[in-house]
$ cat structure-v4.txt   # compact mmCIF, C-alpha atoms
# COMPACT_ATOMS: atom_id res chain seq x y z
CA MET A 1 -199.76 -151.23 56.85
CA THR A 2 -202.89 -151.59 59.01
CA GLU A 3 -202.44 -153.40 62.29
CA VAL A 4 -204.86 -156.26 62.92
CA LEU A 5 -205.45 -157.09 66.56
CA THR A 6 -206.33 -160.56 67.66
CA ARG A 7 -205.31 -160.32 71.32
CA PRO A 8 -204.90 -157.57 73.91
CA ALA A 9 -201.73 -155.55 74.44
CA PRO A 10 -199.59 -156.42 77.49
CA SER A 11 -201.32 -155.69 80.78
CA GLU A 12 -200.96 -152.21 82.17
CA THR A 13 -203.12 -151.42 85.18
CA SER A 14 -201.87 -148.14 86.62
CA GLY A 15 -204.61 -145.56 86.96
CA ILE A 16 -207.43 -147.97 86.14
CA GLY A 17 -210.14 -148.16 88.78
CA LEU A 18 -211.88 -151.32 89.86
CA ASP A 19 -214.92 -150.46 87.74
CA ARG A 20 -212.79 -150.26 84.57
CA PRO A 21 -211.14 -152.98 82.50
CA SER A 22 -207.56 -153.72 83.51
CA LYS A 23 -205.98 -155.01 80.28
CA PRO A 24 -205.81 -152.67 77.30
CA MET A 25 -206.77 -154.00 73.91
CA ILE A 26 -204.49 -151.36 72.35
CA SER A 27 -201.87 -149.52 74.42
CA SER A 28 -201.19 -145.79 74.21
CA ALA A 29 -197.72 -146.58 72.82
CA GLN A 30 -199.22 -148.69 70.01
CA ILE A 31 -201.70 -145.91 69.24
CA ALA A 32 -198.99 -143.23 69.16
CA ARG A 33 -196.81 -145.26 66.77
CA ARG A 34 -199.71 -145.98 64.44
CA VAL A 35 -200.98 -142.38 64.40
CA ARG A 36 -197.49 -141.11 63.48
CA ARG A 37 -197.36 -143.60 60.57
CA LEU A 38 -200.82 -142.53 59.42
CA GLY A 39 -199.73 -138.88 59.57
CA ARG A 40 -196.75 -139.61 57.33
CA GLN A 41 -198.92 -141.58 54.90
CA ILE A 42 -201.59 -138.86 54.72
CA SER A 43 -198.93 -136.17 54.27
CA GLU A 44 -197.49 -138.09 51.31
CA VAL A 45 -200.90 -138.56 49.66
CA TYR A 46 -201.79 -134.86 49.97
CA ALA A 47 -198.30 -133.40 49.45
CA ASP A 48 -199.14 -131.79 46.10
CA ILE A 49 -202.52 -130.15 46.82
CA ASP A 50 -202.72 -126.36 46.39
CA THR A 51 -204.79 -125.55 49.48
CA PRO A 52 -204.55 -126.85 53.03
CA LEU A 53 -206.17 -130.22 53.65
CA VAL A 54 -209.52 -129.92 55.44
CA MET A 55 -209.80 -132.43 58.27
CA VAL A 56 -213.47 -132.91 59.13
CA VAL A 57 -213.62 -134.47 62.57
CA ILE A 58 -216.69 -136.45 63.57
CA LEU A 59 -217.44 -135.45 67.16
CA LYS A 60 -217.06 -136.40 69.89
CA GLY A 61 -215.22 -139.70 69.71
CA ALA A 62 -212.68 -138.77 67.03
CA THR A 63 -211.44 -135.64 68.82
CA VAL A 64 -208.43 -137.22 70.55
CA PHE A 65 -207.40 -139.16 67.45
CA ALA A 66 -207.80 -136.06 65.25
CA ALA A 67 -205.66 -133.90 67.54
CA ASP A 68 -202.82 -136.43 67.50
CA LEU A 69 -203.21 -137.00 63.75
CA LEU A 70 -203.13 -133.25 63.03
CA ARG A 71 -199.87 -132.89 64.98
CA SER A 72 -198.34 -135.78 63.02
CA LEU A 73 -198.94 -134.15 59.62
CA SER A 74 -196.16 -132.40 57.71
CA ILE A 75 -198.60 -130.52 55.45
CA PRO A 76 -200.92 -127.57 56.17
CA ALA A 77 -204.36 -128.60 57.42
CA GLU A 78 -207.51 -126.95 58.67
CA LEU A 79 -210.02 -128.37 61.13
CA GLU A 80 -213.77 -128.53 60.74
CA PHE A 81 -216.24 -130.48 62.84
CA VAL A 82 -219.41 -132.51 62.40
CA ARG A 83 -221.47 -133.71 65.32
CA ALA A 84 -223.28 -136.91 64.49
CA SER A 85 -224.51 -139.91 66.40
CA SER A 86 -226.43 -143.13 65.95
CA TYR A 87 -225.73 -144.22 69.56
CA PRO A 88 -228.21 -142.30 71.75
CA THR A 89 -227.31 -144.42 74.81
CA GLY A 90 -225.71 -147.75 75.53
CA THR A 91 -223.56 -149.92 73.30
CA SER A 92 -225.61 -150.41 70.16
CA SER A 93 -226.65 -148.18 67.29
CA ASN A 94 -230.32 -147.43 66.79
CA GLY A 95 -229.67 -147.16 63.03
CA ARG A 96 -230.89 -143.54 62.86
CA LEU A 97 -228.31 -140.84 62.36
CA ARG A 98 -228.64 -137.49 64.07
CA LEU A 99 -226.55 -134.61 62.67
CA ALA A 100 -226.45 -131.83 65.24
CA HIS A 101 -223.69 -129.71 63.66
CA MET A 102 -222.28 -129.59 60.15
CA VAL A 103 -219.11 -128.04 58.72
CA GLU A 104 -219.05 -124.23 58.82
CA GLY A 105 -216.30 -123.41 56.32
CA PRO A 106 -216.57 -123.58 52.50
CA LEU A 107 -215.56 -126.91 50.96
CA VAL A 108 -215.95 -126.21 47.23
CA GLY A 109 -212.87 -127.50 45.45
CA ARG A 110 -211.20 -128.53 48.72
CA HIS A 111 -209.67 -131.90 49.60
CA VAL A 112 -211.43 -133.32 52.67
CA LEU A 113 -210.23 -135.98 55.07
CA LEU A 114 -213.03 -137.33 57.27
CA VAL A 115 -211.64 -138.37 60.65
CA GLU A 116 -213.60 -141.00 62.57
CA ASP A 117 -212.80 -142.93 65.71
CA ILE A 118 -214.40 -146.25 64.80
CA ILE A 119 -216.29 -147.64 61.85
CA ASP A 120 -219.13 -149.72 63.25
CA SER A 121 -221.90 -149.83 60.69
CA GLY A 122 -220.83 -147.10 58.27
CA VAL A 123 -224.10 -145.21 58.73
CA THR A 124 -222.50 -142.08 60.19
CA VAL A 125 -219.49 -141.79 57.91
CA ASN A 126 -221.45 -142.55 54.74
CA ALA A 127 -224.07 -139.89 55.55
CA VAL A 128 -221.42 -137.28 56.38
CA ALA A 129 -219.42 -138.11 53.23
CA ARG A 130 -222.56 -137.69 51.07
CA ARG A 131 -223.21 -134.27 52.64
CA ILE A 132 -219.62 -133.15 52.09
CA ARG A 133 -219.66 -134.25 48.46
CA LYS A 134 -222.86 -132.21 47.97
CA LEU A 135 -220.96 -129.18 49.34
CA GLY A 136 -218.57 -129.45 46.37
CA ALA A 137 -215.44 -131.04 47.86
CA ALA A 138 -212.77 -131.94 45.29
CA SER A 139 -212.16 -135.24 47.07
CA VAL A 140 -213.30 -137.01 50.22
CA LYS A 141 -211.18 -139.66 51.92
CA LEU A 142 -211.60 -141.39 55.28
CA ALA A 143 -209.18 -141.91 58.15
CA ALA A 144 -210.44 -144.18 60.93
CA LEU A 145 -208.59 -145.22 64.04
CA LEU A 146 -210.54 -148.46 64.39
CA ASP A 147 -212.19 -150.68 61.80
CA ARG A 148 -214.49 -153.59 62.55
CA GLN A 149 -214.25 -154.69 58.91
CA VAL A 150 -217.60 -153.49 57.70
CA GLU A 151 -218.36 -152.65 54.09
CA VAL A 152 -216.92 -149.13 54.14
CA LYS A 153 -213.89 -148.00 52.14
CA ILE A 154 -211.35 -146.65 54.62
CA ASP A 155 -208.40 -144.91 53.02
CA PHE A 156 -206.27 -144.66 56.18
CA THR A 157 -206.89 -147.30 58.88
CA GLY A 158 -205.27 -147.43 62.29
CA PHE A 159 -206.27 -150.85 63.63
CA VAL A 160 -208.64 -153.61 62.62
CA ILE A 161 -210.37 -154.95 65.72
CA PRO A 162 -212.85 -157.71 66.52
CA ASP A 163 -216.53 -156.84 66.95
CA ARG A 164 -216.35 -155.55 70.52
CA PHE A 165 -217.54 -152.40 72.25
CA VAL A 166 -214.45 -150.33 73.09
CA ILE A 167 -213.67 -147.34 75.27
CA GLY A 168 -210.72 -145.00 75.83
CA TYR A 169 -208.68 -142.62 73.67
CA GLY A 170 -211.80 -140.58 72.95
CA LEU A 171 -214.23 -143.51 72.69
CA ASP A 172 -216.92 -143.56 75.34
CA TYR A 173 -219.61 -145.53 77.07
CA ALA A 174 -222.54 -143.21 77.91
CA GLY A 175 -220.17 -140.23 77.82
CA LEU A 176 -217.57 -141.73 80.16
CA TYR A 177 -214.02 -143.12 79.76
CA ARG A 178 -212.89 -140.88 76.88
CA GLU A 179 -209.91 -139.79 79.01
CA LEU A 180 -208.34 -143.25 79.21
CA PRO A 181 -205.00 -143.30 77.34
CA HIS A 182 -205.43 -146.88 76.09
CA ILE A 183 -208.30 -148.62 74.28
CA TYR A 184 -210.19 -151.25 76.25
CA SER A 185 -212.84 -153.78 75.29
CA LEU A 186 -216.01 -153.86 77.38
CA THR A 187 -217.21 -157.10 75.81

$ encode --input "structure-v4.txt" --output "structure tokens"
Amino acid sequence: MTEVLTRPAPSETSGIGLDRPSKPMISSAQIARRVRRLGRQISEVYADIDTPLVMVVILKGATVFAADLLRSLSIPAELEFVRASSYPTGTSSNGRLRLAHMVEGPLVGRHVLLVEDIIDSGVTVNAVARRIRKLGAASVKLAALLDRQVEVKIDFTGFVIPDRFVIGYGLDYAGLYRELPHIYSLT
């Protein structure tokens, strides 16, 4: 079951500098529990496929989530990467998607799980999914750590969050704060 957040996790301030938020929106313990549950759910859904699942990770933000999700699976899986962005700088999308790197391995007849950190507008994930379908994937499903409840079908959702700009656990602001173990709201 997807977790819906309406208030921050209990305060935890160790290791957070004065220029960073002090109260996590989602704690590292909450993230770890949810990722393990998602791993079990994904493993059940793909238990009967003949080839390893292909996890296509949307760089850079989904890297941390994807690594933890991969380790939580009980089925064979391969990793591929896509580098895409509609956030050139700052906290808002410019609406134009830039694909700098696309999957290298063959996807014909393969089951693909797109792994995204956050679904903001759906521009990135929809464009990547269209490309992967054109490459002949047998199926394409989406796992997203965070959902802002936009009109995108997410097959495996970690947390539903309010419309806020967030950092930590791979999510960044101008390339910074990906290393934070918790997720924080900047707005």

$ closest_residue --input "structure-v4.txt" --among "A:Ala77, A:Val54, A:Val82, A:Val123" --to "Leu107 (chain A)" --atoms "all atoms listed in the file"
A:Val54

$ atom_distance --input "structure-v4.txt" --atom1 "CA of Val64 (chain A)" --atom2 "CA of Gly170 (chain A)"
5.3 Å

$ closest_atom_pairs --input "structure-v4.txt" --of "region 96-160 of chain A" --to "region 24-39 of chain A" --cutoff "8 Å" --atoms "all atoms listed in the file" --output "tab-separated table"
residue	atom	partner	partner_atom	distance
A:Phe156	CA	A:Leu38	CA	6.7
A:Thr157	CA	A:Leu38	CA	7.7
A:Gly158	CA	A:Arg34	CA	6.1

$ atom_distance --input "structure-v4.txt" --atom1 "CA of Thr51 (chain A)" --atom2 "CA of Ala137 (chain A)"
12.1 Å

$ closest_residue --input "structure-v4.txt" --among "A:Leu180, A:Leu73, A:Ile119, A:Ala66" --to "Val45 (chain A)" --atoms "all atoms listed in the file"
A:Leu73

$ atom_distance --input "structure-v4.txt" --atom1 "CA of Met55 (chain A)" --atom2 "CA of Arg130 (chain A)"
15.6 Å

$ closest_residue --input "structure-v4.txt" --among "A:Ala84, A:Ile49, A:Val150, A:Ile58" --to "Val115 (chain A)" --atoms "all atoms listed in the file"
A:Ile58

$ closest_residue --input "structure-v4.txt" --among "A:Val160, A:Val56, A:Leu70, A:Leu113" --to "Arg40 (chain A)" --atoms "only C-alpha atoms"
A:Leu70

$ closest_residue --input "structure-v4.txt" --among "A:Asp117, A:Pro52, A:Leu79, A:Thr124" --to "Gly168 (chain A)" --atoms "all atoms listed in the file"
A:Asp117
